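Structure file protein26.csv; described as CSV, C-alpha atoms.
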chain,number,residue,atom,x,y,z
A,1,MET,CA,0.0,0.0,0.0
A,2,ALA,CA,1.3,3.5,-0.8
A,3,PRO,CA,1.9,5.6,1.2
A,4,GLY,CA,3.9,4.9,4.7
A,5,GLY,CA,9.1,4.0,4.3
A,6,ASP,CA,10.6,4.5,0.9
A,7,LEU,CA,10.0,7.1,-1.8
A,8,TYR,CA,6.4,6.0,-1.9
A,9,GLY,CA,5.8,5.4,1.8
A,10,LEU,CA,5.0,1.7,1.1
A,11,ILE,CA,3.4,-0.3,3.9
A,12,GLU,CA,3.5,-4.0,3.6
A,13,ASP,CA,0.5,-6.0,4.8
A,14,ALA,CA,-1.4,-2.8,5.3
A,15,ALA,CA,-5.0,-1.9,6.2
A,16,LEU,CA,-7.2,1.2,5.9
A,17,ALA,CA,-10.2,2.1,8.0
A,18,ILE,CA,-12.8,4.1,6.2
A,19,ILE,CA,-15.7,5.9,8.0
A,20,ASP,CA,-18.2,8.2,6.4
A,21,GLY,CA,-16.2,8.3,3.2
A,22,ARG,CA,-12.9,9.4,4.7
A,23,ILE,CA,-9.8,7.6,5.8
A,24,ALA,CA,-10.0,7.1,9.6
A,25,TRP,CA,-6.8,5.1,10.1
A,26,VAL,CA,-4.0,3.6,8.0
A,27,GLY,CA,-1.1,1.3,8.9
A,28,ALA,CA,0.0,-2.3,9.2
A,29,VAL,CA,-2.7,-5.0,9.6
A,30,GLN,CA,-1.3,-6.1,13.0
A,31,ASP,CA,-1.7,-2.5,14.3
A,32,VAL,CA,-5.3,-2.0,13.5
A,33,PRO,CA,-6.9,-0.4,16.6
A,34,TYR,CA,-9.4,-2.6,18.5
A,35,GLY,CA,-12.1,0.1,18.0
A,36,TYR,CA,-12.2,-0.7,14.2
A,37,SER,CA,-12.8,-4.4,14.7
A,38,THR,CA,-16.5,-4.1,14.2
A,39,LEU,CA,-16.2,-2.6,10.7
A,40,SER,CA,-17.0,-4.7,7.7
A,41,VAL,CA,-13.8,-6.0,6.0
A,42,THR,CA,-12.9,-6.2,2.3
A,43,ASP,CA,-9.8,-8.2,1.5
A,44,LEU,CA,-8.0,-6.7,-1.5
A,45,GLY,CA,-5.8,-9.8,-1.9
A,46,GLY,CA,-2.5,-8.1,-1.1
A,47,ARG,CA,-2.8,-5.8,-4.1
A,48,LEU,CA,-1.2,-2.4,-4.4
A,49,VAL,CA,-3.4,0.5,-3.2
A,50,THR,CA,-2.7,4.1,-4.0
A,51,PRO,CA,-4.8,7.3,-3.9
A,52,ALA,CA,-7.1,7.4,-6.9
A,53,LEU,CA,-5.7,9.4,-9.8
A,54,VAL,CA,-6.6,13.0,-10.6
A,55,ASP,CA,-6.4,14.5,-14.1
A,56,CYS,CA,-6.1,18.2,-13.4
A,57,HIS,CA,-6.0,19.6,-16.9
A,58,THR,CA,-8.4,18.4,-19.7
A,59,HIS,CA,-10.6,19.8,-22.4
A,60,VAL,CA,-12.8,16.7,-22.8
A,61,VAL,CA,-16.0,18.8,-23.6
A,62,HIS,CA,-15.8,19.8,-27.2
A,63,GLY,CA,-17.3,19.3,-30.6
A,64,GLY,CA,-15.7,17.4,-33.5
A,65,ASN,CA,-12.1,16.3,-33.9
A,66,ARG,CA,-9.0,17.5,-35.7
A,67,ALA,CA,-7.5,14.4,-37.2
A,68,ALA,CA,-7.0,16.2,-40.5
A,69,GLU,CA,-4.8,18.8,-38.7
A,70,PHE,CA,-2.8,16.0,-37.2
A,71,GLU,CA,-2.1,15.0,-40.7
A,72,MET,CA,-1.2,18.6,-41.7
A,73,ARG,CA,1.3,18.8,-38.9
A,74,LEU,CA,2.9,15.5,-39.9
A,75,LEU,CA,3.4,17.1,-43.3
A,76,GLY,CA,5.3,20.0,-41.8
A,77,ALA,CA,2.8,22.7,-40.7
A,78,SER,CA,3.5,24.1,-37.2
A,79,TYR,CA,0.8,24.5,-34.6
A,80,GLU,CA,1.0,28.3,-35.0
A,81,GLU,CA,0.7,28.0,-38.8
A,82,VAL,CA,-2.4,25.8,-38.5
A,83,ALA,CA,-4.0,28.3,-36.1
A,84,ARG,CA,-3.2,31.4,-38.2
A,85,ALA,CA,-4.7,29.7,-41.2
A,86,GLY,CA,-8.1,29.4,-39.5
A,87,GLY,CA,-7.6,25.9,-38.2
A,88,GLY,CA,-6.6,24.8,-34.7
A,89,ILE,CA,-8.8,26.1,-32.0
A,90,ALA,CA,-11.0,27.9,-34.5
A,91,SER,CA,-12.1,24.7,-36.1
A,92,THR,CA,-13.1,23.2,-32.8
A,93,VAL,CA,-15.0,26.4,-31.9
A,94,SER,CA,-17.1,25.9,-35.0
A,95,ALA,CA,-17.9,22.3,-34.2
A,96,THR,CA,-18.6,23.1,-30.5
A,97,ARG,CA,-20.9,26.0,-31.3
A,98,ALA,CA,-22.9,23.7,-33.5
A,99,ALA,CA,-23.3,21.0,-30.8
A,100,SER,CA,-26.1,20.7,-28.3
A,101,GLN,CA,-25.4,20.2,-24.6
A,102,ASP,CA,-26.5,16.6,-24.9
A,103,ALA,CA,-24.1,16.1,-27.9
A,104,LEU,CA,-21.3,17.7,-25.9
A,105,VAL,CA,-21.9,15.4,-22.9
A,106,ALA,CA,-22.2,12.3,-25.2
A,107,GLY,CA,-18.9,13.3,-26.9
A,108,ALA,CA,-17.1,13.7,-23.6
A,109,LEU,CA,-18.3,10.5,-21.8
A,110,PRO,CA,-16.1,8.0,-23.7
A,111,TYR,CA,-13.0,10.0,-22.5
A,112,VAL,CA,-14.4,10.2,-19.0
A,113,ASP,CA,-15.1,6.4,-19.0
A,114,ALA,CA,-11.5,5.9,-20.2
A,115,ALA,CA,-10.3,7.9,-17.2
A,116,ILE,CA,-12.5,6.0,-14.8
A,117,ALA,CA,-11.1,2.8,-16.1
A,118,GLU,CA,-7.6,3.9,-15.3
A,119,GLY,CA,-8.4,4.7,-11.7
A,120,VAL,CA,-9.2,8.4,-12.0
A,121,ALA,CA,-11.6,9.8,-9.4
A,122,MET,CA,-11.5,13.5,-10.3
A,123,ILE,CA,-11.2,15.3,-13.6
A,124,GLU,CA,-10.9,19.0,-14.4
A,125,VAL,CA,-12.8,20.2,-17.5
A,126,LYS,CA,-12.3,23.5,-19.2
A,127,SER,CA,-14.5,25.6,-21.4
A,128,GLY,CA,-12.8,27.7,-24.1
A,129,TYR,CA,-14.2,26.2,-27.4
A,130,GLY,CA,-17.3,28.4,-27.5
A,131,LEU,CA,-15.8,31.9,-27.3
A,132,ASP,CA,-19.3,33.3,-27.2
A,133,GLN,CA,-21.5,33.5,-24.1
A,134,GLN,CA,-24.1,30.9,-25.2
A,135,THR,CA,-21.6,28.2,-26.0
A,136,GLU,CA,-19.2,28.8,-23.1
A,137,LEU,CA,-22.1,28.4,-20.7
A,138,ARG,CA,-23.3,25.3,-22.6
A,139,MET,CA,-19.8,23.7,-22.2
A,140,LEU,CA,-19.7,24.4,-18.5
A,141,ARG,CA,-23.2,23.0,-18.0
A,142,ALA,CA,-22.2,19.9,-19.9
A,143,ALA,CA,-19.2,19.5,-17.7
A,144,ARG,CA,-21.3,19.8,-14.6
A,145,GLN,CA,-23.7,17.3,-16.0
A,146,ILE,CA,-21.0,14.6,-16.3
A,147,GLU,CA,-20.7,14.4,-12.5
A,148,GLY,CA,-24.3,13.2,-12.3
A,149,LEU,CA,-23.9,10.6,-15.0
A,150,ARG,CA,-20.6,9.0,-13.9
A,151,PRO,CA,-19.0,8.1,-10.6
A,152,ILE,CA,-16.3,10.8,-10.9
A,153,ALA,CA,-15.8,14.3,-9.4
A,154,VAL,CA,-15.6,17.2,-11.9
A,155,ARG,CA,-14.0,20.6,-11.4
A,156,THR,CA,-15.0,23.2,-14.0
A,157,THR,CA,-12.6,25.9,-15.3
A,158,PHE,CA,-13.7,28.9,-17.3
A,159,LEU,CA,-11.3,29.3,-20.2
A,160,GLY,CA,-13.0,32.1,-22.1
A,161,ALA,CA,-9.6,33.7,-22.8
A,162,HIS,CA,-8.5,30.7,-24.9
A,163,ALA,CA,-8.4,32.3,-28.4
A,164,VAL,CA,-9.8,35.3,-30.3
A,165,PRO,CA,-12.8,34.1,-32.3
A,166,ALA,CA,-13.0,35.0,-36.0
A,167,GLU,CA,-15.7,37.7,-35.5
A,168,TYR,CA,-13.2,39.5,-33.2
A,169,SER,CA,-10.1,39.1,-35.3
A,170,GLY,CA,-7.7,41.8,-34.6
A,171,ARG,CA,-9.8,43.0,-31.7
A,172,ALA,CA,-8.7,40.9,-28.7
A,173,ASP,CA,-9.3,43.7,-26.2
A,174,ALA,CA,-12.9,44.1,-27.4
A,175,TYR,CA,-13.4,40.3,-27.1
A,176,ILE,CA,-12.1,40.4,-23.5
A,177,GLU,CA,-14.4,43.3,-22.6
A,178,GLU,CA,-17.5,42.4,-24.5
A,179,VAL,CA,-17.6,38.6,-24.3
A,180,CYS,CA,-15.1,37.0,-22.0
A,181,ILE,CA,-15.6,39.0,-18.9
A,182,PRO,CA,-19.4,39.3,-19.1
A,183,THR,CA,-19.6,35.5,-19.7
A,184,LEU,CA,-17.4,34.9,-16.7
A,185,ARG,CA,-19.7,36.9,-14.5
A,186,THR,CA,-22.8,35.1,-15.8
A,187,ALA,CA,-21.2,31.6,-15.4
A,188,HIS,CA,-20.1,32.5,-11.9
A,189,ALA,CA,-23.7,33.7,-11.0
A,190,GLU,CA,-25.0,30.3,-12.2
A,191,GLY,CA,-22.5,28.4,-10.1
A,192,LEU,CA,-20.7,26.9,-13.1
A,193,VAL,CA,-17.1,27.9,-12.3
A,194,ASP,CA,-14.6,26.5,-9.9
A,195,ALA,CA,-11.5,28.3,-11.4
A,196,VAL,CA,-10.5,30.7,-14.2
A,197,ASP,CA,-7.9,30.0,-16.9
A,198,GLY,CA,-6.3,31.8,-19.9
A,199,PHE,CA,-4.0,31.1,-22.8
A,200,CYS,CA,-1.1,33.6,-22.6
A,201,GLU,CA,0.6,33.3,-26.0
A,202,GLY,CA,1.3,35.3,-29.1
A,203,ILE,CA,-1.5,33.4,-30.9
A,204,ALA,CA,-3.9,34.1,-28.1
A,205,PHE,CA,-3.8,36.8,-25.4
A,206,SER,CA,-1.1,39.1,-23.9
A,207,PRO,CA,-0.3,39.2,-20.2
A,208,ALA,CA,-2.1,42.5,-19.9
A,209,GLN,CA,-5.3,41.0,-21.5
A,210,ILE,CA,-5.1,38.0,-19.2
A,211,GLU,CA,-4.6,40.2,-16.2
A,212,ARG,CA,-7.9,41.9,-16.9
A,213,VAL,CA,-9.7,38.5,-16.7
A,214,PHE,CA,-7.7,37.6,-13.6
A,215,ASN,CA,-8.7,40.8,-11.9
A,216,VAL,CA,-12.4,39.9,-12.4
A,217,ALA,CA,-11.8,36.4,-11.1
A,218,ALA,CA,-10.3,37.9,-7.9
A,219,GLU,CA,-13.3,40.2,-7.6
A,220,LEU,CA,-15.6,37.1,-7.8
A,221,GLY,CA,-13.4,35.1,-5.4
A,222,LEU,CA,-12.4,32.5,-8.0
A,223,PRO,CA,-8.9,31.0,-8.1
A,224,VAL,CA,-6.9,31.3,-11.4
A,225,LYS,CA,-4.7,29.0,-13.5
A,226,LEU,CA,-2.8,29.8,-16.7
A,227,HIS,CA,-1.6,28.1,-19.9
A,228,ALA,CA,1.9,29.7,-19.8
A,229,GLU,CA,5.1,29.5,-21.7
A,230,GLN,CA,4.0,26.7,-24.0
A,231,LEU,CA,5.2,28.2,-27.3
A,232,SER,CA,7.2,31.2,-26.2
A,233,ASN,CA,8.0,33.1,-23.0
A,234,LEU,CA,5.7,36.1,-22.5
A,235,GLY,CA,6.1,36.1,-18.7
A,236,GLY,CA,2.9,34.2,-18.1
A,237,ALA,CA,4.3,32.2,-15.2
A,238,ALA,CA,5.3,35.4,-13.4
A,239,LEU,CA,1.8,36.8,-14.1
A,240,ALA,CA,0.3,33.6,-12.6
A,241,ALA,CA,2.5,33.9,-9.6
A,242,ARG,CA,1.5,37.6,-9.0
A,243,HIS,CA,-2.1,36.5,-8.9
A,244,GLY,CA,-1.5,33.6,-6.6
A,245,ALA,CA,-2.5,31.1,-9.2
A,246,LEU,CA,-3.2,27.5,-8.4
A,247,SER,CA,-1.1,26.4,-11.3
A,248,ALA,CA,0.8,27.4,-14.4
A,249,ASP,CA,0.6,24.7,-17.1
A,250,HIS,CA,2.8,23.6,-20.1
A,251,LEU,CA,5.9,25.7,-19.3
A,252,GLU,CA,8.2,24.4,-22.1
A,253,TYR,CA,9.7,27.9,-22.5
A,254,LEU,CA,9.8,28.8,-18.8
A,255,ASP,CA,13.0,30.5,-17.6
A,256,GLU,CA,14.6,30.5,-14.1
A,257,ALA,CA,13.0,33.9,-13.2
A,258,GLY,CA,9.6,32.4,-13.9
A,259,VAL,CA,10.5,29.3,-11.8
A,260,LEU,CA,11.5,31.5,-8.9
A,261,ALA,CA,8.3,33.5,-9.1
A,262,MET,CA,6.3,30.3,-9.0
A,263,ALA,CA,8.3,28.9,-6.1
A,264,THR,CA,7.8,32.1,-4.1
A,265,ALA,CA,4.0,32.1,-4.8
A,266,GLY,CA,3.5,28.4,-4.3
A,267,VAL,CA,2.2,27.9,-7.9
A,268,VAL,CA,2.0,24.2,-9.1
A,269,ALA,CA,3.7,23.4,-12.4
A,270,VAL,CA,1.4,21.2,-14.5
A,271,ILE,CA,3.5,19.1,-16.9
A,272,LEU,CA,1.7,18.1,-20.1
A,273,PRO,CA,3.8,15.7,-22.1
A,274,GLY,CA,0.9,14.8,-24.5
A,275,ALA,CA,1.1,18.3,-26.1
A,276,PHE,CA,4.9,18.2,-26.2
A,277,TYR,CA,4.7,14.8,-27.9
A,278,THR,CA,1.9,15.6,-30.4
A,279,LEU,CA,3.4,18.9,-31.5
A,280,ARG,CA,6.8,17.3,-31.8
A,281,GLU,CA,8.2,20.1,-29.5
A,282,THR,CA,11.9,20.0,-28.9
A,283,GLN,CA,12.0,22.6,-26.0
A,284,MET,CA,11.5,20.7,-22.8
A,285,PRO,CA,10.1,22.2,-19.6
A,286,PRO,CA,12.9,23.0,-17.2
A,287,ILE,CA,12.3,20.0,-14.9
A,288,GLU,CA,15.6,20.3,-13.1
A,289,LEU,CA,15.0,24.0,-12.3
A,290,LEU,CA,11.6,23.2,-11.0
A,291,ARG,CA,13.0,20.5,-8.8
A,292,ARG,CA,15.9,22.7,-7.6
A,293,HIS,CA,13.6,25.5,-6.5
A,294,GLY,CA,11.0,23.2,-5.0
A,295,VAL,CA,8.1,23.8,-7.4
A,296,PRO,CA,5.7,20.9,-7.2
A,297,MET,CA,5.0,19.2,-10.5
A,298,ALA,CA,1.6,17.8,-11.5
A,299,VAL,CA,1.1,15.5,-14.5
A,300,ALA,CA,-2.1,15.6,-16.6
A,301,THR,CA,-3.3,14.5,-20.0
A,302,ASP,CA,-4.4,17.9,-21.5
A,303,MET,CA,-6.9,15.8,-23.4
A,304,ASN,CA,-8.1,18.0,-26.3
A,305,PRO,CA,-8.9,17.5,-29.9
A,306,GLY,CA,-5.9,19.4,-31.3
A,307,SER,CA,-2.6,19.5,-29.5
A,308,SER,CA,-3.0,16.6,-27.1
A,309,PRO,CA,-5.6,13.9,-28.1
A,310,LEU,CA,-4.4,11.9,-25.1
A,311,SER,CA,-7.0,10.3,-22.8
A,312,SER,CA,-4.7,8.0,-20.7
A,313,ILE,CA,-3.4,9.4,-17.5
A,314,LEU,CA,-1.2,6.3,-17.2
A,315,LEU,CA,0.4,7.1,-20.5
A,316,ALA,CA,0.9,10.7,-19.5
A,317,MET,CA,2.8,9.5,-16.4
A,318,ASN,CA,4.9,7.3,-18.6
A,319,MET,CA,5.6,10.2,-21.0
A,320,ALA,CA,6.5,12.5,-18.1
A,321,CYS,CA,9.2,9.9,-17.1
A,322,THR,CA,10.5,9.0,-20.6
A,323,LEU,CA,10.3,12.4,-22.2
A,324,PHE,CA,11.0,14.7,-19.3
A,325,ARG,CA,12.9,12.4,-16.9
A,326,LEU,CA,10.5,12.6,-14.0
A,327,SER,CA,10.9,9.7,-11.6
A,328,PRO,CA,8.0,7.2,-11.3
A,329,ALA,CA,7.5,8.5,-7.8
A,330,GLU,CA,7.3,12.1,-9.0
A,331,ALA,CA,4.8,11.0,-11.7
A,332,LEU,CA,2.6,9.2,-9.3
A,333,ALA,CA,2.6,12.2,-6.9
A,334,GLY,CA,2.0,14.4,-9.9
A,335,ALA,CA,-1.2,12.5,-10.8
A,336,THR,CA,-2.5,12.3,-7.2
A,337,VAL,CA,-1.6,14.7,-4.4
A,338,ILE,CA,0.0,17.4,-6.5
A,339,ALA,CA,-2.7,17.2,-9.1
A,340,ALA,CA,-5.3,17.7,-6.4
A,341,ARG,CA,-3.3,20.7,-5.2
A,342,ALA,CA,-3.4,22.2,-8.7
A,343,LEU,CA,-7.2,22.1,-8.3
A,344,GLY,CA,-7.0,23.8,-4.9
A,345,LEU,CA,-7.9,20.6,-3.0
A,346,ALA,CA,-6.0,19.4,0.1
A,347,ASP,CA,-8.4,16.6,1.2
A,348,ARG,CA,-7.4,14.0,-1.4
A,349,GLY,CA,-4.4,12.5,-3.1
A,350,THR,CA,-2.7,10.8,-0.2
A,351,LEU,CA,-3.6,7.9,2.0
A,352,ALA,CA,-3.8,9.7,5.3
A,353,VAL,CA,-6.3,10.2,8.1
A,354,GLY,CA,-9.0,12.7,7.2
A,355,GLN,CA,-8.5,12.4,3.4
A,356,VAL,CA,-11.4,11.5,1.1
A,357,ALA,CA,-11.4,7.7,0.6
A,358,ASP,CA,-10.9,7.7,-3.1
A,359,LEU,CA,-8.5,4.8,-3.8
A,360,ALA,CA,-7.2,2.8,-6.7
A,361,VAL,CA,-6.4,-0.9,-6.3
A,362,TRP,CA,-3.8,-2.2,-8.8
A,363,ASN,CA,-2.7,-5.6,-10.0
A,364,CYS,CA,0.9,-4.5,-9.4
A,365,ASP,CA,3.7,-5.4,-7.1
A,366,HIS,CA,5.3,-1.9,-7.0
A,367,PRO,CA,4.1,1.7,-7.7
A,368,ALA,CA,6.8,2.2,-10.3
A,369,GLU,CA,4.8,-0.2,-12.6
A,370,LEU,CA,2.2,2.5,-13.0
A,371,ALA,CA,4.5,4.7,-15.0
A,372,TYR,CA,6.6,1.9,-16.4
A,373,ARG,CA,4.2,0.0,-18.7
A,374,ILE,CA,3.0,1.4,-22.0
A,375,GLY,CA,-0.5,0.8,-23.2
A,376,PHE,CA,-1.4,-1.6,-20.3
A,377,ASN,CA,-3.9,-0.8,-17.6
A,378,PRO,CA,-3.3,-2.8,-14.3
A,379,LEU,CA,-6.3,-1.3,-12.5
A,380,HIS,CA,-8.2,-3.9,-10.4
A,381,ARG,CA,-10.9,-1.5,-9.1
A,382,ARG,CA,-11.6,1.9,-7.7
A,383,ILE,CA,-12.9,2.7,-4.3
A,384,ILE,CA,-14.8,6.1,-4.4
A,385,GLY,CA,-15.7,7.7,-1.1
A,386,GLY,CA,-15.1,4.4,0.6
A,387,THR,CA,-17.4,2.5,-1.7
A,388,LEU,CA,-16.2,-0.3,-4.0

Just give me the structure as structure tokens.
Amino acid sequence: MAPGGDLYGLIEDAALAIIDGRIAWVGAVQDVPYGYSTLSVTDLGGRLVTPALVDCHTHVVHGGNRAAEFEMRLLGASYEEVARAGGGIASTVSATRAASQDALVAGALPYVDAAIAEGVAMIEVKSGYGLDQQTELRMLRAARQIEGLRPIAVRTTFLGAHAVPAEYSGRADAYIEEVCIPTLRTAHAEGLVDAVDGFCEGIAFSPAQIERVFNVAAELGLPVKLHAEQLSNLGGAALAARHGALSADHLEYLDEAGVLAMATAGVVAVILPGAFYTLRETQMPPIELLRRHGVPMAVATDMNPGSSPLSSILLAMNMACTLFRLSPAEALAGATVIAARALGLADRGTLAVGQVADLAVWNCDHPAELAYRIGFNPLHRRIIGGTL
């Protein structure tokens, strides 16, 4: 069972006591307190038990797909060239605007089911493919609906500052003022938003434009996150740090000044190897700098139809190790306790007293196997809120 001695805190011949959906006790079987002897017992057959996984950065609610653009990139077009030619996010915006809420939910559920099958208990879902008020709200409602249809917790993130829609081409400031901010206020009033995100890049929004959105988020009492330094360094990580962001995500072009800002502000670095892989990026996130300065690193799929059509958190963990040289222990922490922290949650992600009893039971001998295997799912079962 992990945690409790080595890098993972393994406890051999372990037991957990769960009361009212939370962990009440954890330790070796021979040390179970007498007071828990009346609880019903489930024997997991000596299997490995970890916290259930958390996918803290996804875009699973969207219309259509971009397989044709995948082919374009293989033929030499860059992500920026595809976007500037009217493809990229813009093509997904068109498909998402045309989709009903039911269609958006139906399209997302296969990816959610794939996550559940790999031991995920919580998933973050972003908007950002509507770029008008009606569709952004529809996306957020669809994300909320998922939680009632599947045994998985969903955190919703408003990403209205994802791209400038065609009707506002060349007028990014007007889009922020006339669409993004009013939609954020409406979504918050409807209880649809857990956090606010933005895309700080030359093909999207400047730090000053993102800051306007973040200022409104602060006014509404909402935490912020940021797609930062994915394609260039515009100082997005430092901006995220100034606003006390939960996380800064991607970070391929992050420099040491940005790392220091994140470390000082306690911002989580969300590492997204699926986008690095899909875009055939060559600039790696500064993993060693993040380690050296104590910036915690989460790992997520970034599941989206364009730059990261990756639905497997286990494969994301493997990629984080093989492409970026995270250790398997770092990858597991990155998909559990640190991923939860990237969502602003401190009550899940570890096997400790008081934590939500979301667990994953694996047909594994050691936790390193979770990041080691490629294309193989060793999940035996999930335990959600203490329920098998």

Exercise. Considering all atoms listed in the file, state which residue in the set A:Ala15, A:Val216, A:Leu251, A:Val61 is at the smallest distance from A:Leu351.
Key: A:Ala15

Exercise. For A:His250, list every protein, DNA or RNA residue within 6 Å, evaluated using all atoms listed in the file, and leave out those in the same chain fewer than 4 positions away; present the list as an MDAnalysis selection string.
Key: chainID A and resid 230 271:272

Quiz item: Which residue out of A:Asp358, A:Asp249, A:Asp347, A:Glu369 has the minimum interatomic distance to A:Cys200 when only C-alpha atoms are used?
Solution: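 Between A:Asp358, A:Asp249, A:Asp347, A:Glu369, the residue approaching A:Cys200 most closely is A:Asp249.
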
Show me the residues around (-0.2, 33.8, -11.5) - criterion: an atom at most 9 Å away, only C-alpha atoms counted - as a short mmCIF file (atom, residue, chain, number, x, y, z; two decimals) with C-alpha atoms, in the coordinates of the input.
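The file below, result-v9.cif, is the result:
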data_model
loop_
_atom_site.label_atom_id
_atom_site.label_comp_id
_atom_site.auth_asym_id
_atom_site.auth_seq_id
_atom_site.Cartn_x
_atom_site.Cartn_y
_atom_site.Cartn_z
CA PHE A 214 -7.70 37.60 -13.60
CA VAL A 224 -6.90 31.30 -11.40
CA LYS A 225 -4.70 29.00 -13.50
CA LEU A 226 -2.80 29.80 -16.70
CA GLY A 236 2.90 34.20 -18.10
CA ALA A 237 4.30 32.20 -15.20
CA ALA A 238 5.30 35.40 -13.40
CA LEU A 239 1.80 36.80 -14.10
CA ALA A 240 0.30 33.60 -12.60
CA ALA A 241 2.50 33.90 -9.60
CA ARG A 242 1.50 37.60 -9.00
CA HIS A 243 -2.10 36.50 -8.90
CA GLY A 244 -1.50 33.60 -6.60
CA ALA A 245 -2.50 31.10 -9.20
CA LEU A 246 -3.20 27.50 -8.40
CA SER A 247 -1.10 26.40 -11.30
CA ALA A 248 0.80 27.40 -14.40
CA ALA A 261 8.30 33.50 -9.10
CA MET A 262 6.30 30.30 -9.00
CA ALA A 265 4.00 32.10 -4.80
CA VAL A 267 2.20 27.90 -7.90
#

Self-check item: Computed interatomic separation between atom CA of A:Ala143 and atom CA of A:Asp55 (Å)
Solution: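 Rounded to one decimal, the two atoms are 14.2 Å apart.
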